[in-house]
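Trainee: Below is the file structure-v2.cif, which contains mmCIF, C-alpha atoms.
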data_my_file
#
loop_
_atom_site.label_atom_id
_atom_site.label_comp_id
_atom_site.auth_asym_id
_atom_site.auth_seq_id
_atom_site.Cartn_x
_atom_site.Cartn_y
_atom_site.Cartn_z
CA MET M 1 113.13 119.79 112.63
CA SER M 2 116.81 120.39 111.94
CA LYS M 3 118.19 122.53 109.13
CA ARG M 4 120.51 120.63 106.80
CA MET M 5 123.35 121.73 104.57
CA ILE M 6 124.09 118.87 102.18
CA ILE M 7 127.29 118.87 100.12
CA THR M 8 127.95 116.49 97.24
CA VAL M 9 131.47 116.04 95.88
CA GLY M 10 132.41 114.14 92.73
CA ASN M 11 133.09 114.18 89.02
CA ALA M 12 130.69 113.48 86.17
CA ARG M 13 129.44 109.94 85.62
CA VAL M 14 128.92 109.17 89.28
CA GLY M 15 125.25 110.14 89.75
CA LYS M 16 125.42 113.34 91.82
CA SER M 17 122.78 115.24 89.85
CA THR M 18 120.55 112.19 89.65
CA VAL M 19 120.66 111.66 93.41
CA ILE M 20 120.02 115.36 94.08
CA LYS M 21 116.97 115.33 91.81
CA LEU M 22 115.55 112.29 93.57
CA LEU M 23 116.18 113.89 96.94
CA LEU M 24 114.65 117.22 95.90
CA GLU M 25 111.26 115.65 95.28
CA MET M 26 111.35 113.79 98.58
CA LEU M 27 112.14 117.01 100.44
CA ALA M 28 109.51 118.99 98.52
CA GLN M 29 106.83 116.44 99.39
CA GLN M 30 107.52 117.23 103.04
CA GLY M 31 107.14 120.93 102.40
CA LYS M 32 110.81 121.72 102.95
CA ARG M 33 112.13 125.03 101.68
CA ILE M 34 115.17 124.22 99.55
CA LYS M 35 118.00 125.99 97.76
CA VAL M 36 120.48 124.30 95.43
CA TYR M 37 123.88 125.65 94.48
CA ASN M 38 125.64 124.01 91.54
CA GLN M 39 128.58 124.79 89.26
CA GLU M 40 127.29 123.13 86.08
CA SER M 41 127.47 125.29 82.97
CA PHE M 42 124.12 123.94 81.75
CA PRO M 43 120.80 124.11 83.65
CA VAL M 44 120.82 120.58 85.00
CA PHE M 45 118.16 121.33 87.64
CA GLN M 46 115.91 123.50 85.45
CA ALA M 47 112.93 121.14 85.77
CA TYR M 48 113.05 121.57 89.55
CA GLU M 49 112.89 125.35 89.71
CA HIS M 50 109.26 125.22 90.90
CA ILE M 51 110.20 123.27 94.04
CA ALA M 52 113.62 124.73 94.88
CA THR M 53 115.64 127.88 94.35
CA ILE M 54 118.45 127.03 91.94
CA LYS M 55 121.61 129.14 92.05
CA LYS M 56 124.71 128.77 89.89
CA PHE M 57 127.94 129.54 91.68
CA ASN M 58 131.70 129.44 91.25
CA LEU M 59 133.82 128.27 94.14
CA SER M 60 136.66 130.51 92.98
CA ASN M 61 134.87 133.82 93.38
CA ASP M 62 132.56 135.68 95.72
CA ASP M 63 129.59 133.46 94.80
CA ALA M 64 130.80 131.06 97.48
CA ASP M 65 130.20 133.74 100.14
CA ALA M 66 126.48 133.55 99.40
CA ILE M 67 126.45 129.97 100.66
CA ILE M 68 127.60 131.12 104.09
CA ASP M 69 125.16 134.04 104.03
CA ASP M 70 122.26 131.65 103.39
CA LEU M 71 123.00 129.78 106.60
CA ASN M 72 121.47 132.82 108.32
CA HIS M 73 118.39 132.69 106.07
CA PRO M 74 115.31 131.99 108.23
CA GLU M 75 113.21 130.80 105.27
CA LEU M 76 115.46 127.88 104.28
CA ASP M 77 115.26 124.35 105.65
CA VAL M 78 117.70 122.53 103.35
CA MET M 79 120.61 123.80 101.28
CA ILE M 80 122.28 121.50 98.74
CA VAL M 81 125.71 122.39 97.35
CA ASP M 82 126.92 120.36 94.36
CA MET M 83 130.71 120.57 94.08
CA PRO M 84 132.97 119.04 91.41
CA GLY M 85 135.43 116.49 92.73
CA GLN M 86 138.34 117.69 90.60
CA ASP M 87 138.40 120.75 92.87
CA ILE M 88 138.72 118.70 96.07
CA GLU M 89 141.71 120.73 97.29
CA LYS M 90 139.81 123.99 96.68
CA ILE M 91 136.77 122.54 98.43
CA ILE M 92 138.78 121.68 101.51
CA GLN M 93 140.46 125.09 101.43
CA TYR M 94 137.04 126.73 101.17
CA ILE M 95 135.69 124.74 104.12
CA GLU M 96 138.69 125.76 106.23
CA SER M 97 138.79 129.42 105.17
CA ALA M 98 135.06 129.83 105.71
CA SER M 99 135.24 128.03 109.09
CA LEU M 100 132.28 126.08 107.76
CA PHE M 101 132.06 123.57 110.61
CA GLU M 102 131.84 126.36 113.17
CA VAL M 103 129.46 128.50 111.10
CA VAL M 104 126.86 125.76 110.55
CA VAL M 105 126.75 125.14 114.30
CA LYS M 106 126.52 128.89 115.03
CA PHE M 107 123.40 129.25 112.87
CA GLY M 108 121.77 126.02 114.02
CA TRP M 109 122.40 123.88 110.94
CA ASN M 110 123.77 120.37 110.53
CA LEU M 111 126.19 119.36 107.77
CA THR M 112 125.96 116.22 105.66
CA PHE M 113 128.25 115.00 102.90
CA LEU M 114 126.22 113.05 100.34
CA GLN M 115 128.59 110.93 98.27
CA PRO M 116 127.43 108.78 95.33
CA ILE M 117 130.01 106.18 94.38
CA SER M 118 130.45 104.22 91.18
CA HIS M 119 133.20 102.08 89.66
CA ARG M 120 135.57 105.05 89.63
CA GLU M 121 138.43 105.02 92.10
CA ASP M 122 138.37 108.81 92.39
CA CYS M 123 135.07 108.45 94.30
CA ILE M 124 137.02 106.71 97.05
CA TYR M 125 139.76 109.32 96.97
CA TYR M 126 137.26 112.19 97.38
CA LEU M 127 135.34 110.43 100.13
CA ASN M 128 138.52 109.66 102.04
CA ALA M 129 139.73 113.26 101.71
CA ILE M 130 136.40 114.54 103.01
CA ILE M 131 136.35 112.18 105.98
CA GLN M 132 139.94 113.04 106.90
CA ASN M 133 139.11 116.74 106.81
CA ALA M 134 135.66 116.76 108.39
CA THR M 135 135.86 113.73 110.72
CA ASN M 136 133.08 114.05 113.33
CA ASN M 137 132.12 117.59 112.27
CA ALA M 138 129.71 116.22 109.66
CA ASN M 139 127.41 113.33 108.82
CA TYR M 140 127.91 111.09 105.80
CA VAL M 141 125.58 109.29 103.39
CA VAL M 142 127.14 107.10 100.71
CA VAL M 143 124.95 106.22 97.72
CA LYS M 144 125.93 102.96 96.07
CA ASN M 145 125.07 103.62 92.43
CA TYR M 146 124.52 100.26 90.77
CA HIS M 147 124.03 101.93 87.38
CA PHE M 148 127.82 102.00 87.04
CA ALA M 149 128.98 99.04 89.09
CA PRO M 150 127.69 95.65 90.30
CA GLU M 151 129.95 95.78 93.34
CA PHE M 152 132.03 98.26 95.33
CA ARG M 153 135.06 96.26 96.41
CA GLU M 154 137.44 99.24 96.63
CA TYR M 155 135.01 101.15 98.84
CA GLU M 156 134.27 98.17 101.06
CA GLU M 157 137.95 97.34 101.53
CA LYS M 158 139.28 100.84 102.13
CA ILE M 159 136.57 103.20 103.36
CA ARG M 160 133.42 101.45 104.57
CA GLY M 161 134.73 100.50 108.01
CA LYS M 162 135.97 104.04 108.66
CA LEU M 163 132.66 105.49 107.49
CA LEU M 164 130.57 103.34 109.81
CA ILE M 165 132.82 104.03 112.81
CA ILE M 166 132.12 107.78 112.53
CA GLY M 167 128.39 107.22 112.15
CA GLY M 168 128.02 107.30 108.38
CA THR M 169 125.42 105.29 106.52
CA GLU M 170 124.63 103.88 103.07
CA VAL M 171 121.67 103.87 100.68
CA GLU M 172 121.29 102.25 97.28
CA LEU M 173 120.43 103.54 93.82
CA MET M 174 119.50 100.65 91.58
CA ALA M 175 120.56 100.36 87.95
CA LEU M 176 118.30 101.84 85.28
CA HIS M 177 118.57 100.88 81.63
CA ARG M 178 120.32 103.54 79.57
CA ASN M 179 117.31 103.94 77.26
CA HIS M 180 115.01 104.53 80.22
CA TYR M 181 117.39 107.05 81.73
CA GLN M 182 117.84 108.93 78.46
CA ALA M 183 114.07 109.11 77.96
CA MET M 184 113.68 110.43 81.48
CA GLU M 185 116.30 113.14 80.98
CA LYS M 186 114.91 114.10 77.56
CA ALA M 187 111.47 114.68 79.08
CA ASP M 188 112.97 117.55 81.11
CA LYS M 189 110.50 117.00 83.95
CA PRO M 190 110.89 116.03 87.59
CA TYR M 191 111.42 112.30 87.68
CA SER M 192 108.10 111.49 89.35
CA GLN M 193 106.25 113.36 86.59
CA VAL M 194 107.98 111.27 83.95
CA CYS M 195 106.00 108.30 85.24
CA GLN M 196 102.82 110.01 83.96
CA ASP M 197 104.32 111.20 80.67
CA LEU M 198 102.31 109.44 77.95
CA SER M 199 104.99 110.17 75.37
CA ILE M 200 107.11 107.51 77.10
CA ILE M 201 105.94 103.95 76.64
CA LEU M 202 104.21 102.35 79.61
CA PHE M 203 106.81 99.59 79.94
CA TRP M 204 109.59 102.14 80.44
CA ARG M 205 107.51 104.29 82.80
CA SER M 206 106.88 101.23 84.95
CA PHE M 207 110.62 100.59 85.31
CA ILE M 208 111.25 104.26 86.11
CA PHE M 209 108.52 104.22 88.76
CA GLN M 210 110.02 101.16 90.43
CA TRP M 211 113.51 102.68 90.24
CA ILE M 212 112.32 105.82 92.05
CA LYS M 213 110.42 103.78 94.62
CA LYS M 214 113.40 101.58 95.43
CA PHE M 215 115.60 104.61 96.06
CA ARG M 216 113.00 106.21 98.29
CA ASP M 217 112.50 102.98 100.19
CA SER M 218 116.26 102.64 100.66
CA VAL M 219 116.34 106.12 102.22
CA MET M 220 113.13 105.96 104.24
CA ASN M 221 113.94 102.56 105.72
CA ASN M 222 117.19 103.99 107.08
CA ASN M 223 116.72 106.20 110.15
CA LEU M 224 120.18 107.72 109.84
CA ALA M 225 119.64 108.61 106.17
CA ILE M 226 116.30 110.22 107.05
CA LYS M 227 118.01 112.40 109.64
CA TYR M 228 121.15 113.18 107.65
CA LEU M 229 119.23 114.17 104.49
CA GLY M 230 116.84 116.54 106.25
CA LEU M 231 113.82 114.27 105.88
CA ASP M 232 113.04 114.12 109.59
#
Kindly return the structure encoded in the file as C-alpha cells.

Mentor:
Amino acid sequence: MSKRMIITVGNARVGKSTVIKLLLEMLAQQGKRIKVYNQESFPVFQAYEHIATIKKFNLSNDDADAIIDDLNHPELDVMIVDMPGQDIEKIIQYIESASLFEVVVKFGWNLTFLQPISHREDCIYYLNAIIQNATNNANYVVVKNYHFAPEFREYEEKIRGKLLIIGGTEVELMALHRNHYQAMEKADKPYSQVCQDLSIILFWRSFIFQWIKKFRDSVMNNNLAIKYLGLD
C-alpha cells in the first residue's frame, strides 16, 4: 500500500471541493488515515471531520511547512492539499523551494495532481503549468466535471495528448441538477449520508445516489485512478 500526497489546483466553480469530498468517503471506506489541508476561509470540509483530519493553512506563511513535516508522519496514508489556482506561481515556487519531488520520494510517498476541469480556460492553464513543472515527478488525474460543461474541447485539443503520454488518466463527474446539489450542501453531511436524509425528497436522493455511484464507478473501473488516488 503506497502513501499518497494528492494536490488539487484550481479556482472556485470548478469542483475541487466536491471531488475531494467524494474521494474522502471512498478512502475512508478502505480504512485509510487521511489529512486534508485547505485554504478556504469557511469550513468547507466540516462534515468530514470524523473521517479525516482537517487543517486550514496559508501557503504564504509557515503553515506550509507542516505539509512537509507530515510526510514523515507514520500514521498517515493519504494527504490531500487543496490549493487555489490564482496562486499558481506561488504553488510552483513552493514546490521548488520545498524540494517537494525529492522529499516525497525520501519519505516513501507518491505525488498525484488531481485536477477537475470545467468550461473555464484557466483550468487548462493551471494543468499545463503543473505538467510543465512536475513532468514525470508526479501522477495526474483529470476529472471531467460535466456539471459545468458538456464537452472539453480546449482540454482535448491542447492538453489531453500530453497528459496521456506522461501516464496521466481521466475520470468523470456527471452533472447534478443545481437544486439537488444545493440540497446536498445545505444538509451539511457527507454526501453518502445525504442519500438517507429523509428531509430531502426521495426523488432527489435517488439522483444524488446515482451521481455518487457513477463517480465511484468511473474511478474504480480505472486501474490508474485507483493507484494514483491512494485507493489501492

Trainee: Could you tell me which residues the PyMOL selection byres ((chain M and resi 211-217) around 8) returns for this structure, as a list in words?

Mentor: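 Given this file, the PyMOL selection byres ((chain M and resi 211-217) around 8) evaluates to Leu22, Met26, Val171, Glu172, Leu173, Met174, Ala175, Leu176, Tyr191, Ser192, Phe207, Ile208, Phe209, Gln210, Ser218, Val219, Met220 and Asn221 of chain M.
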
Trainee: May I have the selected residues written with C-alpha atoms, as a PDB file, keeping the file's coordinate frame?

Mentor:
ATOM      1  CA  LEU M  22     115.550 112.290  93.570  1.00  0.00           C
ATOM      2  CA  MET M  26     111.350 113.790  98.580  1.00  0.00           C
ATOM      3  CA  VAL M 171     121.670 103.870 100.680  1.00  0.00           C
ATOM      4  CA  GLU M 172     121.290 102.250  97.280  1.00  0.00           C
ATOM      5  CA  LEU M 173     120.430 103.540  93.820  1.00  0.00           C
ATOM      6  CA  MET M 174     119.500 100.650  91.580  1.00  0.00           C
ATOM      7  CA  ALA M 175     120.560 100.360  87.950  1.00  0.00           C
ATOM      8  CA  LEU M 176     118.300 101.840  85.280  1.00  0.00           C
ATOM      9  CA  TYR M 191     111.420 112.300  87.680  1.00  0.00           C
ATOM     10  CA  SER M 192     108.100 111.490  89.350  1.00  0.00           C
ATOM     11  CA  PHE M 207     110.620 100.590  85.310  1.00  0.00           C
ATOM     12  CA  ILE M 208     111.250 104.260  86.110  1.00  0.00           C
ATOM     13  CA  PHE M 209     108.520 104.220  88.760  1.00  0.00           C
ATOM     14  CA  GLN M 210     110.020 101.160  90.430  1.00  0.00           C
ATOM     15  CA  SER M 218     116.260 102.640 100.660  1.00  0.00           C
ATOM     16  CA  VAL M 219     116.340 106.120 102.220  1.00  0.00           C
ATOM     17  CA  MET M 220     113.130 105.960 104.240  1.00  0.00           C
ATOM     18  CA  ASN M 221     113.940 102.560 105.720  1.00  0.00           C
TER      19      ASN M 221
END

Trainee: Taking 5 positions as the minimum chain separation for residues in the same chain, which residues sit within 10 Å of M:Asn223 when counting all atoms listed in the file? Answer as a list in words.

Mentor: Thr169, Tyr228, Leu231 and Asp232 of chain M

Trainee: Which residues come within 6 Å of stretch 53-57 of chain M, counting all atoms listed in the file, excluding same-chain residues fewer than 2 positions away, as a list in words?

Mentor: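 With the cut-off at 6 Å, the set is Lys35, Val36, Tyr37, Asn38, Gln39, Glu49 and Asp63 of chain M.
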
Trainee: Ranking M:Ala98, M:Val103, M:Lys186, M:Lys162 by minimum distance to M:Gln132 and counting all atoms listed in the file, which one comes first?

Mentor: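 Under the stated criterion, the closest residue is M:Lys162.
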
Trainee: One decimal, in Å: what's the spacing between atom CA of M:Tyr125 and atom CA of M:Ile68?

Mentor: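 Distance reported for this atom pair: 26.0 Å.
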
Trainee: Would you kindly return, as an MDAnalysis selection string, each protein, DNA or RNA residue with an atom no farther than 12 Å from any atom of M:His50, considering all atoms listed in the file and excluding same-chain residues fewer than 5 positions away?

Mentor: chainID M and resid 24:25 28 33:35 45 189:190

Trainee: Using the chain letters and numbers from the file, give me the residues hit by the PyMOL selection byres ((chain M and resi 3) around 9), as a PyMOL selection string.

Mentor: chain M and resi 1-2+4-5+76-79+108-111+230

Trainee: Residue by residue, what does the PyMOL selection byres ((chain M and resi 197) around 12) grab here? Present the result as a ChimeraX atom specification.

Mentor: /M:183-184,186-196,198-206,208-209

Trainee: How many Å lie between atom CA of M:Thr8 and atom CA of M:Val104, rounded to one decimal?

Mentor: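 Computed distance, atom CA of M:Thr8 to atom CA of M:Val104, equals 16.3 Å.
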
Trainee: Quick one: distance from atom CA of M:Asp82 to atom CA of M:Asn139 in Å, one decimal?

Mentor: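 Taking atom CA of M:Asp82 as the start and atom CA of M:Asn139 as the end point, the length is 16.1 Å.
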
Trainee: Nearest to M:Val143 among M:Glu156, M:Glu170, M:Glu96, M:Asp122, with distances taken over all atoms listed in the file: which residue is it?

Mentor: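 Looking at the shortest contact to M:Val143, the residue is M:Glu170.
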
Trainee: Using only C-alpha atoms, find the one residue out of M:Gly168, M:Lys32, M:Ile130, M:Ser118 that sits nearest to M:Pro150.

Mentor: M:Ser118

Trainee: Select all residues near (131.6, 103.1, 90.8) (cut-off 8 Å, inclusive, file coordinates), counting all atoms listed in the file, and output them as a PyMOL selection string.

Mentor: chain M and resi 14+117-121+123+144-146+148-149+151-152
